[in-house]
Amino acid sequence: MKIIISGYGRMGHEIEKIARGRGHVIVATPDKKEDWKKIKLSPENCDVVIDFSTPDSAEIVVNHCLNSGVAVVTGTTGWSDRLEKSKVLCYKTSGALFHAPNFSIGVNIFFEINRKLAQMISGHNYKARLNEIHHIHKLDAPSGTAIALANDIIASNKTYSKWISGNVINKETLPVFSERTGEVPGTHLIEWSSDTDSIEIKHTAHSRTGFAIGAVLAAEWISGKSGVFGMSDLLNSTS
């Protein structure tokens with residue numbers, strides 16, 4: 001496939017390495033919005049764009065792809081308030097949009113465990129808290145993965161109706177804590193505590209490789225499709 005990588009930072013470089021290793025051609029690696037002015041985007045010169053840019057750029061990049069008839073895979077977080085508009089555009093243009101807050105296979109298994117635990121523990125007087133740790137270069141907090149985990153807890157457990165960053169003052173609100181330190185690829189910890197015991201589930205990424213592999217797999221999978229997709233579609237698909 002012919003791939004454009006939007007956002008040529010650490011993740012962009014890792015995606016390039018994985019994509020080339022799987023026989024794909026990297027057409028361009030625009031790192032800023034201005035770089036797109038040099039690229040004539042069309043299905044003839046690009047099969048899919050993989051976007052790991054910034055919250056400010058993601059919507060522009062995604063919409064440009066959809067309007068140009070090119071499939072787009074985005075893992076950029078921090079723009080969920082505008083994502084729905086891009087989904088509407090995707091359906092309007094019969095385009096292909098694959099969005100996930102996290103492309104790691106392990107994290108998506110972690111999502112399933114989180115939902116199941118939140119459901120099982122509901123009504124048993126346990127209080128939850130969520131901690132996420134990332135490298136100092138990550139711009140958004142909480143992470144997109146942490147927000148997805150928090151929303152899944154709220155949907156699966158009758159105790160909580162919303163989440164908030166930091167300490168809370170009522171039992172209906174789930175606290176989410178964020179830390180930025182060093183070059184940590186990503187750690188997410190969920191703790192459920194009662195007067196008698198505690199239960200913890202944790203996912204720790206050792207490198208960015210798992211995220212990059214997932215993004216390239218998504219790009220391969222979305223080829224020839226139309227619609228809005230996520231990791232559950234990829235993991236539950238046989239083709």
# chains A, B, ... in the order shown; residues from 1 in each chain; ligands from 1

call {"tool": "closest_atom_pairs", "arguments": {"of": "stretch 171-236 of chain A", "to": "stretch 66-78 of chain A", "cutoff": "8 Å", "atoms": "only C-alpha atoms", "output": "tab-separated table"}}
result
residue	atom	partner	partner_atom	distance
A:Ala215	CA	A:Val73	CA	7.2
A:Ala218	CA	A:Val73	CA	7.0
A:Ala219	CA	A:Val73	CA	6.2
A:Ile222	CA	A:Ala71	CA	7.3
A:Ser223	CA	A:Ala71	CA	7.2

call {"tool": "write_last_selection", "arguments": {"atoms": "C-alpha atoms", "output": "CSV table (one decimal), in the first residue's frame"}}
result
chain,number,residue,atom,x,y,z
A,215,ALA,CA,-2.1,1.3,13.5
A,218,ALA,CA,-5.8,-1.0,10.9
A,219,ALA,CA,-4.5,0.7,7.7
A,222,ILE,CA,-9.6,-0.6,6.3
A,223,SER,CA,-8.4,-0.7,2.7

call {"tool": "residues_around", "arguments": {"residues": "stretch 174-181 of chain A", "least_positions_apart": "3", "cutoff": "10 Å", "atoms": "only C-alpha atoms", "output": "tab-separated table (two decimals) with N, CA and C atoms, in the first residue's frame"}}
result
chain	number	residue	atom	x	y	z
A	127	LYS	N	-15.04	1.47	45.57
A	127	LYS	CA	-14.80	2.77	44.95
A	127	LYS	C	-13.62	2.66	43.99
A	128	ALA	N	-13.76	3.29	42.84
A	128	ALA	CA	-12.73	3.19	41.81
A	128	ALA	C	-11.92	4.48	41.69
A	129	ARG	N	-10.70	4.34	41.23
A	129	ARG	CA	-9.88	5.47	40.82
A	129	ARG	C	-9.01	5.01	39.65
A	130	LEU	N	-8.70	5.94	38.78
A	130	LEU	CA	-7.94	5.62	37.58
A	130	LEU	C	-6.70	6.51	37.52
A	131	ASN	N	-5.55	5.89	37.30
A	131	ASN	CA	-4.29	6.63	37.18
A	131	ASN	C	-3.67	6.35	35.81
A	132	GLU	N	-3.20	7.40	35.14
A	132	GLU	CA	-2.48	7.21	33.88
A	132	GLU	C	-1.18	7.99	33.91
A	133	ILE	N	-0.12	7.37	33.35
A	133	ILE	CA	1.20	7.99	33.31
A	133	ILE	C	1.71	7.95	31.88
A	134	HIS	N	2.19	9.09	31.38
A	134	HIS	CA	2.75	9.16	30.04
A	134	HIS	C	3.99	10.06	30.03
A	135	HIS	N	4.68	10.04	28.90
A	135	HIS	CA	5.88	10.85	28.70
A	135	HIS	C	5.54	12.35	28.69
A	136	ILE	N	6.56	13.15	28.90
A	136	ILE	CA	6.36	14.59	29.06
A	136	ILE	C	5.95	15.28	27.75
A	137	HIS	N	6.06	14.57	26.62
A	137	HIS	CA	5.72	15.18	25.34
A	137	HIS	C	4.23	15.07	25.01
A	138	LYS	N	3.51	14.27	25.77
A	138	LYS	CA	2.09	14.08	25.49
A	138	LYS	C	1.33	15.34	25.89
A	139	LEU	N	0.57	15.89	24.94
A	139	LEU	CA	-0.05	17.20	25.15
A	139	LEU	C	-1.36	17.13	25.91
A	140	ASP	N	-2.15	16.07	25.71
A	140	ASP	CA	-3.47	16.01	26.32
A	140	ASP	C	-3.46	15.21	27.62
A	141	ALA	N	-4.30	15.60	28.55
A	141	ALA	CA	-4.46	14.89	29.82
A	141	ALA	C	-5.89	15.12	30.31
A	142	PRO	N	-6.58	14.06	30.72
A	142	PRO	CA	-6.15	12.67	30.70
A	142	PRO	C	-5.94	12.14	29.28
A	143	SER	N	-5.28	11.03	29.17
A	143	SER	CA	-5.05	10.41	27.88
A	143	SER	C	-6.37	9.94	27.28
A	146	ALA	N	-7.33	6.72	28.88
A	146	ALA	CA	-7.91	6.89	30.21
A	146	ALA	C	-9.37	7.33	30.12
A	147	ILE	N	-9.66	8.24	29.21
A	147	ILE	CA	-11.04	8.70	29.03
A	147	ILE	C	-11.93	7.56	28.57
A	149	LEU	N	-11.43	4.35	29.13
A	149	LEU	CA	-11.58	3.46	30.28
A	149	LEU	C	-12.61	4.02	31.27
A	150	ALA	N	-12.53	5.31	31.54
A	150	ALA	CA	-13.46	5.95	32.47
A	150	ALA	C	-14.89	5.88	31.95
A	151	ASN	N	-15.08	6.15	30.68
A	151	ASN	CA	-16.43	6.10	30.10
A	151	ASN	C	-16.99	4.68	30.12
A	153	ILE	N	-16.27	2.42	32.42
A	153	ILE	CA	-16.65	2.17	33.81
A	153	ILE	C	-18.02	2.77	34.10
A	154	ILE	N	-18.22	4.00	33.67
A	154	ILE	CA	-19.50	4.69	33.89
A	154	ILE	C	-20.65	3.93	33.23
A	159	THR	N	-22.66	2.90	39.95
A	159	THR	CA	-22.20	3.85	40.97
A	159	THR	C	-21.87	5.21	40.37
A	160	TYR	N	-21.31	5.21	39.15
A	160	TYR	CA	-20.74	6.43	38.60
A	160	TYR	C	-21.57	7.01	37.46
A	161	SER	N	-21.67	8.34	37.46
A	161	SER	CA	-22.41	9.04	36.41
A	161	SER	C	-21.52	9.95	35.57
A	162	LYS	N	-20.30	10.23	36.05
A	162	LYS	CA	-19.35	11.07	35.31
A	162	LYS	C	-17.95	10.87	35.87
A	163	TRP	N	-16.95	11.38	35.16
A	163	TRP	CA	-15.58	11.34	35.65
A	163	TRP	C	-15.03	12.78	35.71
A	164	ILE	N	-13.96	12.95	36.48
A	164	ILE	CA	-13.34	14.26	36.60
A	164	ILE	C	-11.84	14.07	36.82
A	165	SER	N	-11.04	15.02	36.35
A	165	SER	CA	-9.61	14.98	36.60
A	165	SER	C	-9.32	15.42	38.03
A	166	GLY	N	-8.59	14.58	38.77
A	166	GLY	CA	-8.23	14.93	40.14
A	166	GLY	C	-9.22	14.44	41.16
A	167	ASN	N	-9.11	14.98	42.38
A	167	ASN	CA	-9.94	14.54	43.49
A	167	ASN	C	-11.40	14.92	43.31
A	168	VAL	N	-12.28	14.10	43.87
A	168	VAL	CA	-13.72	14.35	43.76
A	168	VAL	C	-14.31	14.52	45.16
A	169	ILE	N	-15.52	15.06	45.20
A	169	ILE	CA	-16.16	15.30	46.48
A	169	ILE	C	-17.47	14.54	46.62
A	170	ASN	N	-17.82	13.74	45.62
A	170	ASN	CA	-19.03	12.94	45.74
A	170	ASN	C	-18.80	11.55	45.16
A	171	LYS	N	-19.57	10.60	45.61
A	171	LYS	CA	-19.35	9.20	45.26
A	171	LYS	C	-19.81	8.84	43.86
A	184	VAL	N	7.95	7.73	29.48
A	184	VAL	CA	7.04	6.60	29.71
A	184	VAL	C	6.08	6.45	28.52
A	185	PRO	N	6.06	5.30	27.84
A	185	PRO	CA	5.16	5.11	26.69
A	185	PRO	C	3.69	5.15	27.07
A	186	GLY	N	3.37	4.63	28.26
A	186	GLY	CA	1.97	4.65	28.69
A	186	GLY	C	1.66	3.59	29.73
A	187	THR	N	1.13	4.01	30.87
A	187	THR	CA	0.70	3.10	31.92
A	187	THR	C	-0.68	3.51	32.39
A	188	HIS	N	-1.58	2.53	32.53
A	188	HIS	CA	-2.94	2.79	33.02
A	188	HIS	C	-3.27	1.80	34.14
A	189	LEU	N	-3.67	2.34	35.28
A	189	LEU	CA	-3.98	1.55	36.46
A	189	LEU	C	-5.37	1.89	36.96
A	190	ILE	N	-6.17	0.87	37.19
A	190	ILE	CA	-7.51	1.05	37.76
A	190	ILE	C	-7.57	0.27	39.06

call {"tool": "closest_residue", "arguments": {"among": "A:Thr29, A:Asn114, A:Ser104, A:Ser193", "to": "A:Ser207", "atoms": "only C-alpha atoms"}}
result
A:Ser104

call {"tool": "residues_around", "arguments": {"residues": "A:Trp36", "least_positions_apart": "3", "cutoff": "12 Å", "atoms": "only C-alpha atoms", "output": "list in words"}}
result
Ile4, Ile5, Ser6, Gly7, Ala28, Thr29, Pro30, Asp31, Lys32, Lys33, Ile39, Lys40, Leu41, Val49, Ser57, Ile60, Val61, Val62, His64 and Cys65 of chain A

call {"tool": "write_last_selection", "arguments": {"atoms": "N, CA and C atoms", "output": "PDB file, in the first residue's frame"}}
result
ATOM      1  N   ILE A   4       0.633   7.635   3.633  1.00  0.00           N
ATOM      2  CA  ILE A   4       1.127   8.917   4.127  1.00  0.00           C
ATOM      3  C   ILE A   4       1.018   8.899   5.646  1.00  0.00           C
ATOM      4  N   ILE A   5       2.093   9.260   6.321  1.00  0.00           N
ATOM      5  CA  ILE A   5       2.101   9.325   7.779  1.00  0.00           C
ATOM      6  C   ILE A   5       1.998  10.786   8.193  1.00  0.00           C
ATOM      7  N   SER A   6       0.910  11.143   8.834  1.00  0.00           N
ATOM      8  CA  SER A   6       0.682  12.513   9.294  1.00  0.00           C
ATOM      9  C   SER A   6       1.076  12.622  10.762  1.00  0.00           C
ATOM     10  N   GLY A   7       2.087  13.449  11.036  1.00  0.00           N
ATOM     11  CA  GLY A   7       2.634  13.540  12.384  1.00  0.00           C
ATOM     12  C   GLY A   7       3.881  12.687  12.449  1.00  0.00           C
ATOM     13  N   ALA A  28       4.742  10.119   1.891  1.00  0.00           N
ATOM     14  CA  ALA A  28       5.109  11.410   2.480  1.00  0.00           C
ATOM     15  C   ALA A  28       4.934  11.331   3.987  1.00  0.00           C
ATOM     16  N   THR A  29       5.602  12.258   4.683  1.00  0.00           N
ATOM     17  CA  THR A  29       5.521  12.293   6.147  1.00  0.00           C
ATOM     18  C   THR A  29       5.293  13.730   6.627  1.00  0.00           C
ATOM     19  N   PRO A  30       4.159  14.343   6.289  1.00  0.00           N
ATOM     20  CA  PRO A  30       3.890  15.718   6.742  1.00  0.00           C
ATOM     21  C   PRO A  30       3.812  15.794   8.263  1.00  0.00           C
ATOM     22  N   ASP A  31       4.494  16.770   8.823  1.00  0.00           N
ATOM     23  CA  ASP A  31       4.539  16.893  10.279  1.00  0.00           C
ATOM     24  C   ASP A  31       3.736  18.081  10.791  1.00  0.00           C
ATOM     25  N   LYS A  32       3.470  19.042   9.905  1.00  0.00           N
ATOM     26  CA  LYS A  32       2.710  20.237  10.281  1.00  0.00           C
ATOM     27  C   LYS A  32       1.588  20.458   9.273  1.00  0.00           C
ATOM     28  N   LYS A  33       0.603  21.260   9.673  1.00  0.00           N
ATOM     29  CA  LYS A  33      -0.514  21.545   8.767  1.00  0.00           C
ATOM     30  C   LYS A  33      -0.022  22.157   7.455  1.00  0.00           C
ATOM     31  N   ILE A  39       1.306  18.558  -0.776  1.00  0.00           N
ATOM     32  CA  ILE A  39       0.854  17.212  -1.139  1.00  0.00           C
ATOM     33  C   ILE A  39      -0.483  17.274  -1.862  1.00  0.00           C
ATOM     34  N   LYS A  40      -0.544  16.678  -3.040  1.00  0.00           N
ATOM     35  CA  LYS A  40      -1.806  16.549  -3.762  1.00  0.00           C
ATOM     36  C   LYS A  40      -2.401  15.191  -3.404  1.00  0.00           C
ATOM     37  N   LEU A  41      -3.352  15.210  -2.498  1.00  0.00           N
ATOM     38  CA  LEU A  41      -3.896  13.966  -1.960  1.00  0.00           C
ATOM     39  C   LEU A  41      -4.997  13.426  -2.862  1.00  0.00           C
ATOM     40  N   VAL A  49      -4.046   7.264   4.845  1.00  0.00           N
ATOM     41  CA  VAL A  49      -3.265   8.174   5.684  1.00  0.00           C
ATOM     42  C   VAL A  49      -3.344   7.676   7.121  1.00  0.00           C
ATOM     43  N   SER A  57      -4.464  19.666  14.773  1.00  0.00           N
ATOM     44  CA  SER A  57      -4.337  19.305  13.358  1.00  0.00           C
ATOM     45  C   SER A  57      -5.240  18.162  12.933  1.00  0.00           C
ATOM     46  N   ILE A  60      -8.491  18.679  10.813  1.00  0.00           N
ATOM     47  CA  ILE A  60      -8.182  19.187   9.474  1.00  0.00           C
ATOM     48  C   ILE A  60      -7.673  18.061   8.583  1.00  0.00           C
ATOM     49  N   VAL A  61      -6.756  17.255   9.113  1.00  0.00           N
ATOM     50  CA  VAL A  61      -6.181  16.145   8.348  1.00  0.00           C
ATOM     51  C   VAL A  61      -7.250  15.117   7.995  1.00  0.00           C
ATOM     52  N   VAL A  62      -8.031  14.706   8.989  1.00  0.00           N
ATOM     53  CA  VAL A  62      -9.066  13.692   8.768  1.00  0.00           C
ATOM     54  C   VAL A  62     -10.081  14.164   7.732  1.00  0.00           C
ATOM     55  N   HIS A  64      -9.730  16.433   5.443  1.00  0.00           N
ATOM     56  CA  HIS A  64      -9.064  16.545   4.138  1.00  0.00           C
ATOM     57  C   HIS A  64      -9.017  15.182   3.451  1.00  0.00           C
ATOM     58  N   CYS A  65      -8.701  14.152   4.213  1.00  0.00           N
ATOM     59  CA  CYS A  65      -8.665  12.792   3.663  1.00  0.00           C
ATOM     60  C   CYS A  65     -10.049  12.368   3.170  1.00  0.00           C
TER      61      CYS A  65
END

call {"tool": "select_by_dssp", "arguments": {"residues": "stretch 53-216 of chain A", "states": "strand (DSSP E or B)", "output": "number ranges by chain"}}
result
A: 71-74, 96-99, 127-134, 162-165, 173-180, 187-193, 198-204

call {"tool": "select_by_dssp", "arguments": {"residues": "stretch 119-161 of chain A", "states": "helix (DSSP H, G or I)", "output": "PyMOL selection string"}}
result
chain A and resi 119-121+144-156

call {"tool": "closest_atom_pairs", "arguments": {"of": "stretch 173-239 of chain A", "to": "stretch 82-90 of chain A", "cutoff": "9 Å", "atoms": "only C-alpha atoms", "output": "Markdown table"}}
result
| residue | atom | partner | partner_atom | distance |
| --- | --- | --- | --- | --- |
| A:Ser226 | CA | A:Cys90 | CA | 8.3 |
| A:Gly227 | CA | A:Cys90 | CA | 6.6 |
| A:Val228 | CA | A:Lys87 | CA | 6.6 |

call {"tool": "atom_distance", "arguments": {"atom1": "atom CA of A:Lys116", "atom2": "atom CA of A:Phe211"}}
result
23.2 Å

call {"tool": "residues_around", "arguments": {"residues": "A:Phe111", "least_positions_apart": "4", "cutoff": "8 Å", "atoms": "only C-alpha atoms", "output": "compact mmCIF listing (two decimals) with N, CA and C atoms, in the first residue's frame"}}
result
# COMPACT_ATOMS: atom_id res chain seq x y z
N VAL A 107 -3.88 -3.29 25.08
CA VAL A 107 -4.77 -2.30 25.68
C VAL A 107 -6.22 -2.61 25.37
N ARG A 115 -14.24 -3.38 31.41
CA ARG A 115 -15.71 -3.37 31.33
C ARG A 115 -16.32 -4.51 32.14
N LEU A 149 -11.43 4.35 29.13
CA LEU A 149 -11.58 3.46 30.28
C LEU A 149 -12.61 4.02 31.27
N ASP A 152 -16.12 3.69 29.94
CA ASP A 152 -16.57 2.30 30.00
C ASP A 152 -16.99 1.92 31.42

call {"tool": "decode", "arguments": {"residues": "stretch 99-154 of chain A", "atoms": "C-alpha atoms", "output": "PDB file, in the first residue's frame"}}
result
ATOM      1  CA  HIS A  99     -10.355   5.951  14.981  1.00  0.00           C
ATOM      2  CA  ALA A 100      -9.018   4.497  18.212  1.00  0.00           C
ATOM      3  CA  PRO A 101      -7.669   6.109  21.375  1.00  0.00           C
ATOM      4  CA  ASN A 102      -5.185   3.238  21.548  1.00  0.00           C
ATOM      5  CA  PHE A 103      -4.058   0.784  18.857  1.00  0.00           C
ATOM      6  CA  SER A 104      -2.294  -1.675  21.160  1.00  0.00           C
ATOM      7  CA  ILE A 105      -3.801  -5.170  21.061  1.00  0.00           C
ATOM      8  CA  GLY A 106      -2.993  -5.532  24.768  1.00  0.00           C
ATOM      9  CA  VAL A 107      -4.771  -2.299  25.684  1.00  0.00           C
ATOM     10  CA  ASN A 108      -7.876  -3.351  23.806  1.00  0.00           C
ATOM     11  CA  ILE A 109      -7.914  -6.621  25.751  1.00  0.00           C
ATOM     12  CA  PHE A 110      -7.500  -4.426  28.846  1.00  0.00           C
ATOM     13  CA  PHE A 111     -10.616  -2.488  27.771  1.00  0.00           C
ATOM     14  CA  GLU A 112     -12.614  -5.725  27.791  1.00  0.00           C
ATOM     15  CA  ILE A 113     -11.314  -6.704  31.241  1.00  0.00           C
ATOM     16  CA  ASN A 114     -12.118  -3.227  32.565  1.00  0.00           C
ATOM     17  CA  ARG A 115     -15.712  -3.372  31.327  1.00  0.00           C
ATOM     18  CA  LYS A 116     -16.245  -6.848  32.749  1.00  0.00           C
ATOM     19  CA  LEU A 117     -14.777  -5.976  36.159  1.00  0.00           C
ATOM     20  CA  ALA A 118     -16.796  -2.745  36.405  1.00  0.00           C
ATOM     21  CA  GLN A 119     -19.960  -4.697  35.674  1.00  0.00           C
ATOM     22  CA  MET A 120     -19.208  -7.534  38.109  1.00  0.00           C
ATOM     23  CA  ILE A 121     -18.264  -5.230  40.980  1.00  0.00           C
ATOM     24  CA  SER A 122     -21.290  -2.941  40.616  1.00  0.00           C
ATOM     25  CA  GLY A 123     -23.350  -2.761  43.813  1.00  0.00           C
ATOM     26  CA  HIS A 124     -20.653  -4.233  46.065  1.00  0.00           C
ATOM     27  CA  ASN A 125     -19.450  -1.021  47.781  1.00  0.00           C
ATOM     28  CA  TYR A 126     -16.178  -0.637  45.909  1.00  0.00           C
ATOM     29  CA  LYS A 127     -14.799   2.771  44.952  1.00  0.00           C
ATOM     30  CA  ALA A 128     -12.727   3.194  41.807  1.00  0.00           C
ATOM     31  CA  ARG A 129      -9.876   5.473  40.818  1.00  0.00           C
ATOM     32  CA  LEU A 130      -7.936   5.619  37.575  1.00  0.00           C
ATOM     33  CA  ASN A 131      -4.294   6.632  37.175  1.00  0.00           C
ATOM     34  CA  GLU A 132      -2.480   7.210  33.878  1.00  0.00           C
ATOM     35  CA  ILE A 133       1.202   7.992  33.314  1.00  0.00           C
ATOM     36  CA  HIS A 134       2.755   9.163  30.038  1.00  0.00           C
ATOM     37  CA  HIS A 135       5.879  10.851  28.701  1.00  0.00           C
ATOM     38  CA  ILE A 136       6.365  14.593  29.056  1.00  0.00           C
ATOM     39  CA  HIS A 137       5.722  15.180  25.335  1.00  0.00           C
ATOM     40  CA  LYS A 138       2.089  14.080  25.490  1.00  0.00           C
ATOM     41  CA  LEU A 139      -0.052  17.198  25.145  1.00  0.00           C
ATOM     42  CA  ASP A 140      -3.474  16.010  26.321  1.00  0.00           C
ATOM     43  CA  ALA A 141      -4.464  14.889  29.817  1.00  0.00           C
ATOM     44  CA  PRO A 142      -6.145  12.668  30.704  1.00  0.00           C
ATOM     45  CA  SER A 143      -5.054  10.412  27.877  1.00  0.00           C
ATOM     46  CA  GLY A 144      -7.578   9.257  25.319  1.00  0.00           C
ATOM     47  CA  THR A 145      -7.154   5.739  26.666  1.00  0.00           C
ATOM     48  CA  ALA A 146      -7.913   6.888  30.210  1.00  0.00           C
ATOM     49  CA  ILE A 147     -11.039   8.703  29.031  1.00  0.00           C
ATOM     50  CA  ALA A 148     -12.195   5.586  27.177  1.00  0.00           C
ATOM     51  CA  LEU A 149     -11.584   3.460  30.281  1.00  0.00           C
ATOM     52  CA  ALA A 150     -13.463   5.952  32.470  1.00  0.00           C
ATOM     53  CA  ASN A 151     -16.427   6.095  30.098  1.00  0.00           C
ATOM     54  CA  ASP A 152     -16.574   2.299  30.004  1.00  0.00           C
ATOM     55  CA  ILE A 153     -16.650   2.167  33.814  1.00  0.00           C
ATOM     56  CA  ILE A 154     -19.503   4.685  33.893  1.00  0.00           C
TER      57      ILE A 154
END
